[in-house]
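Asks: File model.pdb follows (PDB, C-alpha atoms and all ligand atoms):
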```pdb
ATOM      1  CA  MET W   1       2.821 -18.689 -11.911  1.00  0.00           C
ATOM      2  CA  LYS W   2       2.271 -19.511  -8.267  1.00  0.00           C
ATOM      3  CA  PRO W   3      -1.269 -19.347  -6.841  1.00  0.00           C
ATOM      4  CA  TRP W   4      -2.364 -15.787  -6.108  1.00  0.00           C
ATOM      5  CA  PRO W   5      -4.299 -15.458  -2.836  1.00  0.00           C
ATOM      6  CA  TYR W   6      -5.281 -11.785  -3.130  1.00  0.00           C
ATOM      7  CA  PRO W   7      -8.650 -10.402  -4.281  1.00  0.00           C
ATOM      8  CA  LEU W   8      -8.755  -8.557  -7.609  1.00  0.00           C
ATOM      9  CA  TRP W   9      -9.834  -5.286  -5.982  1.00  0.00           C
ATOM     10  CA  LEU W  10      -7.888  -3.384  -3.319  1.00  0.00           C
ATOM     11  CA  ALA W  11      -9.145  -0.236  -1.623  1.00  0.00           C
ATOM     12  CA  HIS W  12      -6.510   2.517  -1.845  1.00  0.00           C
ATOM     13  CA  ARG W  13      -5.312   4.018   1.457  1.00  0.00           C
ATOM     14  CA  GLY W  14      -8.182   2.216   3.211  1.00  0.00           C
ATOM     15  CA  ALA W  15     -11.140   3.724   1.416  1.00  0.00           C
ATOM     16  CA  GLY W  16      -9.655   6.288  -0.898  1.00  0.00           C
ATOM     17  CA  LYS W  17     -11.536   9.515  -0.616  1.00  0.00           C
ATOM     18  CA  LEU W  18     -14.663   8.699   1.390  1.00  0.00           C
ATOM     19  CA  ALA W  19     -12.879   8.731   4.738  1.00  0.00           C
ATOM     20  CA  PRO W  20      -9.528  10.086   5.927  1.00  0.00           C
ATOM     21  CA  GLU W  21      -6.879   8.080   4.106  1.00  0.00           C
ATOM     22  CA  ASN W  22      -4.757   5.550   5.986  1.00  0.00           C
ATOM     23  CA  THR W  23      -6.952   5.496   9.098  1.00  0.00           C
ATOM     24  CA  LEU W  24      -8.956   2.690  10.669  1.00  0.00           C
ATOM     25  CA  ALA W  25     -12.091   4.669   9.817  1.00  0.00           C
ATOM     26  CA  ALA W  26     -11.138   4.375   6.155  1.00  0.00           C
ATOM     27  CA  PHE W  27     -10.672   0.630   6.460  1.00  0.00           C
ATOM     28  CA  ARG W  28     -14.112   0.342   8.057  1.00  0.00           C
ATOM     29  CA  VAL W  29     -15.680   2.292   5.195  1.00  0.00           C
ATOM     30  CA  GLY W  30     -13.889   0.162   2.585  1.00  0.00           C
ATOM     31  CA  ALA W  31     -14.962  -3.049   4.307  1.00  0.00           C
ATOM     32  CA  GLY W  32     -18.500  -1.687   4.410  1.00  0.00           C
ATOM     33  CA  PHE W  33     -18.480  -1.496   0.630  1.00  0.00           C
ATOM     34  CA  GLY W  34     -17.400  -5.140   0.471  1.00  0.00           C
ATOM     35  CA  PHE W  35     -13.662  -4.745  -0.019  1.00  0.00           C
ATOM     36  CA  ARG W  36     -11.610  -7.610   1.366  1.00  0.00           C
ATOM     37  CA  ALA W  37      -8.192  -6.244   0.382  1.00  0.00           C
ATOM     38  CA  PHE W  38      -6.575  -2.909   1.159  1.00  0.00           C
ATOM     39  CA  GLU W  39      -3.520  -0.882   0.254  1.00  0.00           C
ATOM     40  CA  CYS W  40      -1.941   1.436   2.824  1.00  0.00           C
ATOM     41  CA  ASP W  41       1.234   3.482   3.235  1.00  0.00           C
ATOM     42  CA  VAL W  42       3.598   2.646   6.101  1.00  0.00           C
ATOM     43  CA  LYS W  43       6.501   4.638   7.506  1.00  0.00           C
ATOM     44  CA  LEU W  44       8.402   4.894  10.807  1.00  0.00           C
ATOM     45  CA  SER W  45       8.241   7.299  13.712  1.00  0.00           C
ATOM     46  CA  ARG W  46      11.538   8.555  15.161  1.00  0.00           C
ATOM     47  CA  ASP W  47      11.504   5.739  17.700  1.00  0.00           C
ATOM     48  CA  GLY W  48      10.725   3.074  15.102  1.00  0.00           C
ATOM     49  CA  GLU W  49       6.958   2.521  15.347  1.00  0.00           C
ATOM     50  CA  ALA W  50       5.513   1.385  11.997  1.00  0.00           C
ATOM     51  CA  PHE W  51       2.381   3.431  11.327  1.00  0.00           C
ATOM     52  CA  LEU W  52       0.218   4.646   8.440  1.00  0.00           C
ATOM     53  CA  LEU W  53       0.865   7.947   6.626  1.00  0.00           C
ATOM     54  CA  HIS W  54       1.254   8.833   2.959  1.00  0.00           C
ATOM     55  CA  ASP W  55       3.187  12.091   2.914  1.00  0.00           C
ATOM     56  CA  ASP W  56       6.730  12.809   4.122  1.00  0.00           C
ATOM     57  CA  THR W  57       5.246  15.524   6.323  1.00  0.00           C
ATOM     58  CA  LEU W  58       2.279  15.649   8.679  1.00  0.00           C
ATOM     59  CA  GLN W  59       0.474  18.839   7.714  1.00  0.00           C
ATOM     60  CA  ARG W  60      -1.819  17.719   4.879  1.00  0.00           C
ATOM     61  CA  THR W  61      -3.528  14.872   6.715  1.00  0.00           C
ATOM     62  CA  THR W  62      -2.979  15.511  10.425  1.00  0.00           C
ATOM     63  CA  SER W  63      -3.017  18.293  13.017  1.00  0.00           C
ATOM     64  CA  GLY W  64       0.792  18.057  13.235  1.00  0.00           C
ATOM     65  CA  ARG W  65       3.630  19.614  11.277  1.00  0.00           C
ATOM     66  CA  GLY W  66       7.048  18.527  10.066  1.00  0.00           C
ATOM     67  CA  SER W  67       8.494  15.108   9.418  1.00  0.00           C
ATOM     68  CA  PRO W  68       7.261  12.093  11.406  1.00  0.00           C
ATOM     69  CA  ALA W  69      10.840  10.812  11.258  1.00  0.00           C
ATOM     70  CA  ASP W  70      11.660  13.547  13.808  1.00  0.00           C
ATOM     71  CA  ILE W  71       8.810  12.746  16.214  1.00  0.00           C
ATOM     72  CA  ASP W  72       8.276   9.850  18.623  1.00  0.00           C
ATOM     73  CA  TRP W  73       5.145   7.705  18.444  1.00  0.00           C
ATOM     74  CA  ALA W  74       3.952   8.906  21.877  1.00  0.00           C
ATOM     75  CA  GLU W  75       3.464  12.335  20.287  1.00  0.00           C
ATOM     76  CA  LEU W  76       2.251  11.174  16.862  1.00  0.00           C
ATOM     77  CA  ARG W  77      -0.485   9.033  18.412  1.00  0.00           C
ATOM     78  CA  ARG W  78      -2.141  12.140  19.872  1.00  0.00           C
ATOM     79  CA  LEU W  79      -2.578  13.866  16.491  1.00  0.00           C
ATOM     80  CA  ASP W  80      -5.928  14.297  14.756  1.00  0.00           C
ATOM     81  CA  ALA W  81      -5.679  12.462  11.416  1.00  0.00           C
ATOM     82  CA  GLY W  82      -9.366  12.808  10.523  1.00  0.00           C
ATOM     83  CA  GLY W  83     -10.516  16.397  11.048  1.00  0.00           C
ATOM     84  CA  TRP W  84      -8.832  17.596   7.826  1.00  0.00           C
ATOM     85  CA  HIS W  85     -11.184  15.334   5.875  1.00  0.00           C
ATOM     86  CA  SER W  86     -14.539  16.238   7.423  1.00  0.00           C
ATOM     87  CA  ALA W  87     -16.079  16.955  10.818  1.00  0.00           C
ATOM     88  CA  PRO W  88     -17.444  13.441  11.516  1.00  0.00           C
ATOM     89  CA  PHE W  89     -13.904  12.068  11.451  1.00  0.00           C
ATOM     90  CA  THR W  90     -12.430  14.616  13.871  1.00  0.00           C
ATOM     91  CA  ALA W  91     -10.007  13.055  16.388  1.00  0.00           C
ATOM     92  CA  GLU W  92      -9.519   9.898  14.303  1.00  0.00           C
ATOM     93  CA  PRO W  93      -5.923   8.912  15.175  1.00  0.00           C
ATOM     94  CA  LEU W  94      -3.043   7.709  13.072  1.00  0.00           C
ATOM     95  CA  PRO W  95      -3.089   3.900  13.230  1.00  0.00           C
ATOM     96  CA  THR W  96      -0.159   1.619  13.912  1.00  0.00           C
ATOM     97  CA  LEU W  97       0.540  -1.306  11.631  1.00  0.00           C
ATOM     98  CA  THR W  98      -0.323  -3.474  14.643  1.00  0.00           C
ATOM     99  CA  GLN W  99      -3.855  -2.015  14.752  1.00  0.00           C
ATOM    100  CA  ILE W 100      -4.318  -2.471  11.008  1.00  0.00           C
ATOM    101  CA  ALA W 101      -3.149  -6.086  11.233  1.00  0.00           C
ATOM    102  CA  ALA W 102      -5.733  -6.706  13.955  1.00  0.00           C
ATOM    103  CA  PHE W 103      -8.484  -5.184  11.782  1.00  0.00           C
ATOM    104  CA  CYS W 104      -7.503  -7.198   8.715  1.00  0.00           C
ATOM    105  CA  LYS W 105      -7.249 -10.472  10.565  1.00  0.00           C
ATOM    106  CA  ALA W 106     -10.546  -9.923  12.411  1.00  0.00           C
ATOM    107  CA  ASN W 107     -12.361  -9.109   9.169  1.00  0.00           C
ATOM    108  CA  GLY W 108     -10.747 -11.642   6.835  1.00  0.00           C
ATOM    109  CA  CYS W 109      -9.061  -8.929   4.767  1.00  0.00           C
ATOM    110  CA  ALA W 110      -5.784  -9.068   2.863  1.00  0.00           C
ATOM    111  CA  LEU W 111      -3.306  -6.193   3.045  1.00  0.00           C
ATOM    112  CA  ASN W 112      -0.849  -4.616   0.635  1.00  0.00           C
ATOM    113  CA  ILE W 113       1.644  -2.686   2.748  1.00  0.00           C
ATOM    114  CA  GLU W 114       3.258   0.017   0.660  1.00  0.00           C
ATOM    115  CA  ILE W 115       6.566   0.766   2.384  1.00  0.00           C
ATOM    116  CA  LYS W 116       6.721   4.566   2.090  1.00  0.00           C
ATOM    117  CA  PRO W 117       9.972   5.629   3.784  1.00  0.00           C
ATOM    118  CA  CYS W 118      10.825   9.142   4.817  1.00  0.00           C
ATOM    119  CA  PRO W 119      13.911  10.285   2.868  1.00  0.00           C
ATOM    120  CA  GLY W 120      17.143   8.738   4.148  1.00  0.00           C
ATOM    121  CA  VAL W 121      15.640   5.766   5.986  1.00  0.00           C
ATOM    122  CA  GLU W 122      14.575   3.646   3.016  1.00  0.00           C
ATOM    123  CA  ARG W 123      16.333   0.442   3.975  1.00  0.00           C
ATOM    124  CA  LEU W 124      15.564   0.725   7.694  1.00  0.00           C
ATOM    125  CA  THR W 125      11.870   1.298   6.986  1.00  0.00           C
ATOM    126  CA  GLY W 126      11.767  -1.803   4.784  1.00  0.00           C
ATOM    127  CA  GLU W 127      13.540  -3.876   7.426  1.00  0.00           C
ATOM    128  CA  VAL W 128      11.298  -2.787  10.298  1.00  0.00           C
ATOM    129  CA  ALA W 129       8.006  -2.892   8.370  1.00  0.00           C
ATOM    130  CA  ALA W 130       8.745  -6.376   7.072  1.00  0.00           C
ATOM    131  CA  ARG W 131       9.920  -7.667  10.468  1.00  0.00           C
ATOM    132  CA  GLU W 132       6.762  -6.310  12.085  1.00  0.00           C
ATOM    133  CA  ALA W 133       4.567  -7.730   9.326  1.00  0.00           C
ATOM    134  CA  ALA W 134       6.137 -11.173   9.695  1.00  0.00           C
ATOM    135  CA  ARG W 135       5.468 -11.084  13.441  1.00  0.00           C
ATOM    136  CA  LEU W 136       1.919  -9.748  13.147  1.00  0.00           C
ATOM    137  CA  TRP W 137       0.845 -12.175  10.417  1.00  0.00           C
ATOM    138  CA  ALA W 138       2.752 -15.222  11.704  1.00  0.00           C
ATOM    139  CA  GLY W 139       0.826 -18.326  10.692  1.00  0.00           C
ATOM    140  CA  ALA W 140      -1.708 -16.388   8.602  1.00  0.00           C
ATOM    141  CA  ALA W 141      -3.060 -18.109   5.489  1.00  0.00           C
ATOM    142  CA  VAL W 142      -2.635 -14.951   3.400  1.00  0.00           C
ATOM    143  CA  PRO W 143       0.480 -12.911   4.209  1.00  0.00           C
ATOM    144  CA  PRO W 144       0.652  -9.175   3.560  1.00  0.00           C
ATOM    145  CA  LEU W 145       2.106  -8.146   0.214  1.00  0.00           C
ATOM    146  CA  LEU W 146       4.990  -5.701   0.744  1.00  0.00           C
ATOM    147  CA  SER W 147       5.460  -3.140  -2.026  1.00  0.00           C
ATOM    148  CA  SER W 148       7.584  -0.055  -2.574  1.00  0.00           C
ATOM    149  CA  PHE W 149       8.748   2.389  -5.213  1.00  0.00           C
ATOM    150  CA  LYS W 150      12.123   2.246  -3.426  1.00  0.00           C
ATOM    151  CA  PRO W 151      14.280  -0.797  -4.223  1.00  0.00           C
ATOM    152  CA  GLU W 152      16.311  -0.110  -1.062  1.00  0.00           C
ATOM    153  CA  ALA W 153      13.165  -0.544   1.025  1.00  0.00           C
ATOM    154  CA  LEU W 154      12.374  -3.858  -0.656  1.00  0.00           C
ATOM    155  CA  GLN W 155      15.989  -4.921  -0.116  1.00  0.00           C
ATOM    156  CA  GLY W 156      15.512  -4.248   3.576  1.00  0.00           C
ATOM    157  CA  ALA W 157      12.293  -6.303   3.539  1.00  0.00           C
ATOM    158  CA  LEU W 158      14.061  -9.141   1.731  1.00  0.00           C
ATOM    159  CA  THR W 159      16.771  -9.150   4.381  1.00  0.00           C
ATOM    160  CA  SER W 160      14.530  -9.113   7.455  1.00  0.00           C
ATOM    161  CA  ALA W 161      11.549 -11.189   6.271  1.00  0.00           C
ATOM    162  CA  PRO W 162      12.508 -13.102   3.110  1.00  0.00           C
ATOM    163  CA  ALA W 163       9.410 -15.318   3.228  1.00  0.00           C
ATOM    164  CA  LEU W 164       6.976 -12.392   2.846  1.00  0.00           C
ATOM    165  CA  PRO W 165       5.929 -11.615  -0.748  1.00  0.00           C
ATOM    166  CA  ARG W 166       7.283  -8.423  -2.310  1.00  0.00           C
ATOM    167  CA  ALA W 167       6.185  -6.237  -5.235  1.00  0.00           C
ATOM    168  CA  LEU W 168       8.040  -3.469  -7.055  1.00  0.00           C
ATOM    169  CA  LEU W 169       5.990  -0.309  -7.629  1.00  0.00           C
ATOM    170  CA  LEU W 170       6.654   1.615 -10.839  1.00  0.00           C
ATOM    171  CA  ASP W 171       5.488   5.098 -11.775  1.00  0.00           C
ATOM    172  CA  LYS W 172       7.617   4.841 -14.914  1.00  0.00           C
ATOM    173  CA  LEU W 173       9.467   2.004 -16.631  1.00  0.00           C
ATOM    174  CA  TRP W 174      12.974   3.095 -15.602  1.00  0.00           C
ATOM    175  CA  ASP W 175      16.095   1.495 -17.044  1.00  0.00           C
ATOM    176  CA  GLY W 176      16.886  -1.769 -15.334  1.00  0.00           C
ATOM    177  CA  TRP W 177      13.545  -2.320 -13.574  1.00  0.00           C
ATOM    178  CA  PRO W 178      13.216  -5.975 -14.693  1.00  0.00           C
ATOM    179  CA  GLU W 179      16.675  -6.771 -13.346  1.00  0.00           C
ATOM    180  CA  ALA W 180      15.928  -4.929 -10.103  1.00  0.00           C
ATOM    181  CA  ALA W 181      12.638  -6.797  -9.696  1.00  0.00           C
ATOM    182  CA  ALA W 182      14.379 -10.117 -10.285  1.00  0.00           C
ATOM    183  CA  ALA W 183      17.154  -9.310  -7.805  1.00  0.00           C
ATOM    184  CA  LEU W 184      14.543  -8.409  -5.188  1.00  0.00           C
ATOM    185  CA  GLY W 185      12.729 -11.710  -5.710  1.00  0.00           C
ATOM    186  CA  VAL W 186       9.359 -10.066  -6.317  1.00  0.00           C
ATOM    187  CA  VAL W 187       6.113 -11.921  -6.906  1.00  0.00           C
ATOM    188  CA  ALA W 188       4.443  -8.935  -8.581  1.00  0.00           C
ATOM    189  CA  VAL W 189       4.960  -5.593 -10.263  1.00  0.00           C
ATOM    190  CA  ILE W 190       2.475  -2.792  -9.570  1.00  0.00           C
ATOM    191  CA  THR W 191       2.403   0.082 -12.066  1.00  0.00           C
ATOM    192  CA  ASN W 192       0.541   3.291 -12.650  1.00  0.00           C
ATOM    193  CA  TRP W 193      -2.417   2.051 -14.721  1.00  0.00           C
ATOM    194  CA  ARG W 194      -1.357   4.275 -17.616  1.00  0.00           C
ATOM    195  CA  LEU W 195       1.750   2.107 -18.069  1.00  0.00           C
ATOM    196  CA  MET W 196      -0.090  -1.211 -18.102  1.00  0.00           C
ATOM    197  CA  ASP W 197      -1.357  -2.918 -21.242  1.00  0.00           C
ATOM    198  CA  ALA W 198      -1.835  -6.468 -22.506  1.00  0.00           C
ATOM    199  CA  ALA W 199       1.759  -6.695 -23.735  1.00  0.00           C
ATOM    200  CA  LEU W 200       3.223  -5.686 -20.377  1.00  0.00           C
ATOM    201  CA  ILE W 201       0.876  -8.046 -18.510  1.00  0.00           C
ATOM    202  CA  GLN W 202       2.041 -10.907 -20.733  1.00  0.00           C
ATOM    203  CA  ARG W 203       5.666  -9.887 -20.270  1.00  0.00           C
ATOM    204  CA  LEU W 204       5.252  -9.896 -16.477  1.00  0.00           C
ATOM    205  CA  HIS W 205       3.387 -13.196 -16.490  1.00  0.00           C
ATOM    206  CA  ALA W 206       6.112 -14.765 -18.622  1.00  0.00           C
ATOM    207  CA  LYS W 207       8.559 -13.962 -15.814  1.00  0.00           C
ATOM    208  CA  GLY W 208       6.216 -15.511 -13.258  1.00  0.00           C
ATOM    209  CA  TRP W 209       5.206 -12.126 -11.825  1.00  0.00           C
ATOM    210  CA  ARG W 210       1.682 -10.934 -11.212  1.00  0.00           C
ATOM    211  CA  ALA W 211       0.553  -7.607 -12.715  1.00  0.00           C
ATOM    212  CA  LEU W 212      -1.246  -5.016 -10.606  1.00  0.00           C
ATOM    213  CA  VAL W 213      -2.158  -1.362 -11.126  1.00  0.00           C
ATOM    214  CA  TYR W 214      -2.880   1.795  -9.151  1.00  0.00           C
ATOM    215  CA  THR W 215      -5.079   3.906  -8.965  1.00  0.00           C
ATOM    216  CA  VAL W 216      -8.005   3.026 -11.233  1.00  0.00           C
ATOM    217  CA  ASN W 217     -11.162   5.074 -10.699  1.00  0.00           C
ATOM    218  CA  ASP W 218     -12.724   4.602 -14.138  1.00  0.00           C
ATOM    219  CA  ALA W 219     -14.930   1.604 -14.947  1.00  0.00           C
ATOM    220  CA  ASP W 220     -13.887   1.491 -18.606  1.00  0.00           C
ATOM    221  CA  VAL W 221     -10.193   1.379 -17.692  1.00  0.00           C
ATOM    222  CA  ALA W 222     -10.859  -1.389 -15.170  1.00  0.00           C
ATOM    223  CA  GLU W 223     -12.842  -3.395 -17.713  1.00  0.00           C
ATOM    224  CA  ARG W 224     -10.035  -3.137 -20.262  1.00  0.00           C
ATOM    225  CA  LEU W 225      -7.408  -4.227 -17.736  1.00  0.00           C
ATOM    226  CA  VAL W 226      -9.495  -7.179 -16.565  1.00  0.00           C
ATOM    227  CA  ALA W 227      -9.887  -8.287 -20.188  1.00  0.00           C
ATOM    228  CA  ASP W 228      -6.105  -8.013 -20.554  1.00  0.00           C
ATOM    229  CA  GLY W 229      -5.573 -10.335 -17.577  1.00  0.00           C
ATOM    230  CA  ILE W 230      -4.699  -7.954 -14.741  1.00  0.00           C
ATOM    231  CA  ASP W 231      -4.255  -9.586 -11.317  1.00  0.00           C
ATOM    232  CA  GLY W 232      -5.028  -6.663  -9.022  1.00  0.00           C
ATOM    233  CA  ILE W 233      -6.594  -3.196  -9.175  1.00  0.00           C
ATOM    234  CA  ILE W 234      -6.101  -0.546  -6.495  1.00  0.00           C
ATOM    235  CA  THR W 235      -8.951   1.974  -6.454  1.00  0.00           C
ATOM    236  CA  ASP W 236     -10.188   5.046  -4.625  1.00  0.00           C
ATOM    237  CA  ALA W 237     -13.708   4.555  -6.012  1.00  0.00           C
ATOM    238  CA  VAL W 238     -14.880   2.086  -3.382  1.00  0.00           C
ATOM    239  CA  ASP W 239     -18.493   3.226  -3.798  1.00  0.00           C
ATOM    240  CA  ARG W 240     -18.515   2.777  -7.604  1.00  0.00           C
ATOM    241  CA  LEU W 241     -16.008   0.030  -8.471  1.00  0.00           C
ATOM    242  CA  GLY W 242     -14.962  -3.295  -7.019  1.00  0.00           C
ATOM    243  CA  PRO W 243     -16.913  -5.827  -4.997  1.00  0.00           C
ATOM    244  CA  GLY W 244     -19.987  -3.658  -4.508  1.00  0.00           C
ATOM    245  CA  GLY W 245     -19.787  -1.701  -7.748  1.00  0.00           C
ATOM    246  CA  ALA W 246     -19.375  -2.261 -11.468  1.00  0.00           C
TER     247      ALA W 246
HETATM  248  O1  LIG L   1       0.540   1.442  -3.743  1.00  0.00           O
HETATM  249  C1  LIG L   1       0.119   2.062  -4.881  1.00  0.00           C
HETATM  250  C2  LIG L   1      -0.197   3.521  -4.704  1.00  0.00           C
HETATM  251  O2  LIG L   1      -0.650   3.772  -3.408  1.00  0.00           O
HETATM  252  C3  LIG L   1       0.987   4.348  -5.005  1.00  0.00           C
HETATM  253  O3  LIG L   1       0.744   5.705  -4.976  1.00  0.00           O
HETATM  254  O4  LIG L   1       1.199   7.860  -3.886  1.00  0.00           O
HETATM  255  O5  LIG L   1      -0.999   6.750  -3.588  1.00  0.00           O
HETATM  256  O6  LIG L   1       0.993   5.848  -2.465  1.00  0.00           O
HETATM  257  P1  LIG L   1       0.475   6.574  -3.666  1.00  0.00           P
HETATM  258 MG    MG L   2       0.298   4.015  -1.533  1.00  0.00          MG
END
```
Could I get this structure in the form of structure tokens?

Replies:
Amino acid sequence: MKPWPYPLWLAHRGAGKLAPENTLAAFRVGAGFGFRAFECDVKLSRDGEAFLLHDDTLQRTTSGRGSPADIDWAELRRLDAGGWHSAPFTAEPLPTLTQIAAFCKANGCALNIEIKPCPGVERLTGEVAAREAARLWAGAAVPPLLSSFKPEALQGALTSAPALPRALLLDKLWDGWPEAAAALGVVAVITNWRLMDAALIQRLHAKGWRALVYTVNDADVAERLVADGIDGIITDAVDRLGPGGA
């Protein structure tokens, strides 16, 4: 296998649950607990800005409503993406990928960009996110790892920024996933932790792919996976697990 430049522990959506997910505030909290690698979800505004949001709609985690694919960035940037979490985070904005890149580079942090397209723009989202990532991290020692559950999004990333590393995300082991991963030229496969065991880790390693898992919030599970040879663990439990925890 090729050298793997990423830390074992990645903070999920910035800092999981302790701050509003996918905001700069969350990244600051995660970094405060010692994390030097983060996972975040990236999608596109109507006018093509790459920014952070998990859901296909705005209402759970912002003051907006509807699909961000129908709204320009000039409007999205005014939303409150922190007040839903707790009062101290009120008025925390949605961040652009550009802002997150600046944070990561300034703080020596690695990033796993999960390409999370709104329905119908899978390939475009992969193309734009990867093109932006290649521009933002040009010359960086550790490039961002681009991942997606959507093979079409990874195909778009492969087309627009072939040199950036890619990972296939799996919430189940669907028919043909090894062939899809090979065709996409991935460096890693990231599964729900419930799917991962020593046999699958060995199978992935035998293909030259790293093995990562989401979202591990239990110390015993993490310990078992580390013993099995896991390469990366995405966690919400930034205060209990990882660099500053167990
Ligand atoms: O990238 C791994 C993990 O974030 C996938 O699940 O739904 O939290 O984006 P989700
Ligand atoms: Mg994610």

Asks: Give me the residues within 12 Å of Gln59 of chain W as JSON, numbers by chain, counting all atoms listed in the file and dropping any in the same chain fewer than 3 places off.

Replies: {"W": [53, 54, 55, 56, 62, 63, 64, 65, 66, 67, 68, 79, 80, 81, 82, 83, 84]}

Asks: For the selection you just gave me, I'd like the residues written to a file as a PDB file, in the frame of the given file, keeping C-alpha atoms.

Replies:
```
ATOM      1  CA  LEU W  53       0.865   7.947   6.626  1.00  0.00           C
ATOM      2  CA  HIS W  54       1.254   8.833   2.959  1.00  0.00           C
ATOM      3  CA  ASP W  55       3.187  12.091   2.914  1.00  0.00           C
ATOM      4  CA  ASP W  56       6.730  12.809   4.122  1.00  0.00           C
ATOM      5  CA  THR W  62      -2.979  15.511  10.425  1.00  0.00           C
ATOM      6  CA  SER W  63      -3.017  18.293  13.017  1.00  0.00           C
ATOM      7  CA  GLY W  64       0.792  18.057  13.235  1.00  0.00           C
ATOM      8  CA  ARG W  65       3.630  19.614  11.277  1.00  0.00           C
ATOM      9  CA  GLY W  66       7.048  18.527  10.066  1.00  0.00           C
ATOM     10  CA  SER W  67       8.494  15.108   9.418  1.00  0.00           C
ATOM     11  CA  PRO W  68       7.261  12.093  11.406  1.00  0.00           C
ATOM     12  CA  LEU W  79      -2.578  13.866  16.491  1.00  0.00           C
ATOM     13  CA  ASP W  80      -5.928  14.297  14.756  1.00  0.00           C
ATOM     14  CA  ALA W  81      -5.679  12.462  11.416  1.00  0.00           C
ATOM     15  CA  GLY W  82      -9.366  12.808  10.523  1.00  0.00           C
ATOM     16  CA  GLY W  83     -10.516  16.397  11.048  1.00  0.00           C
ATOM     17  CA  TRP W  84      -8.832  17.596   7.826  1.00  0.00           C
TER      18      TRP W  84
END
```

Asks: Just give me the gap between atom CA of Leu173 of chain W and atom CA of Thr215 of chain W in Å, one decimal is fine.

Replies: 16.6 Å

Asks: For the provided coordinates, the residues matched by the PyMOL selection byres (((not hetatm)) within 10 of (chain L and resi 1)) should be stated as a ChimeraX atom specification.

Replies: /W:10-13,16,21,38-42,53-55,112-116,146-149,167-171,190-192,212-215,233-236

Asks: Identify all residues satisfying the PyMOL selection byres (((chain W and resi 18) around 12) and not hetatm) in the given file; provide them as a PyMOL selection string.

Replies: chain W and resi 11-17+19-23+25-30+32-33+82+85-86+88-89+235-240

Asks: Selection in question (the file shown): the PyMOL selection byres (((chain W and resi 184) around 8) and not hetatm). Which residues does it include, as a list in words?

Replies: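 Checking the PyMOL selection byres (((chain W and resi 184) around 8) and not hetatm) against this file, the residues are Pro151, Leu154, Gln155, Leu158, Arg166, Ala180, Ala181, Ala182, Ala183, Gly185 and Val186 of chain W.
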
Asks: Using only the atoms of segment 135-140 of chain W listed in the file, plus 3 Å on each side, state the axis-aligned box centre and edge lengths in Å rounded to one decimal, as lines of an AutoDock Vina configuration file.

Replies:
```
center_x = 1.9
center_y = -14.0
center_z = 11.0
size_x = 13.2
size_y = 14.6
size_z = 10.8
```

Asks: Could you pull the residues within 8 Å of Asp228 of chain W, counting all atoms listed in the file, minus those fewer than 2 positions along the same chain, as a VMD selection string?

Replies: chain W and resid 197 to 198 201 224 to 226 230

Asks: Provide the atom CA of Ala222 of chain W to atom CA of Gly208 of chain W distance in Å, to one decimal place.

Replies: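 The value is 22.2 Å.
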
Asks: Write out as a PyMOL selection string each polymer residue whose atoms come within 9 Å of Leu204 of chain W, counting only C-alpha atoms; drop sequence neighbours fewer than 6 positions from it.

Replies: chain W and resi 188-189+210-211
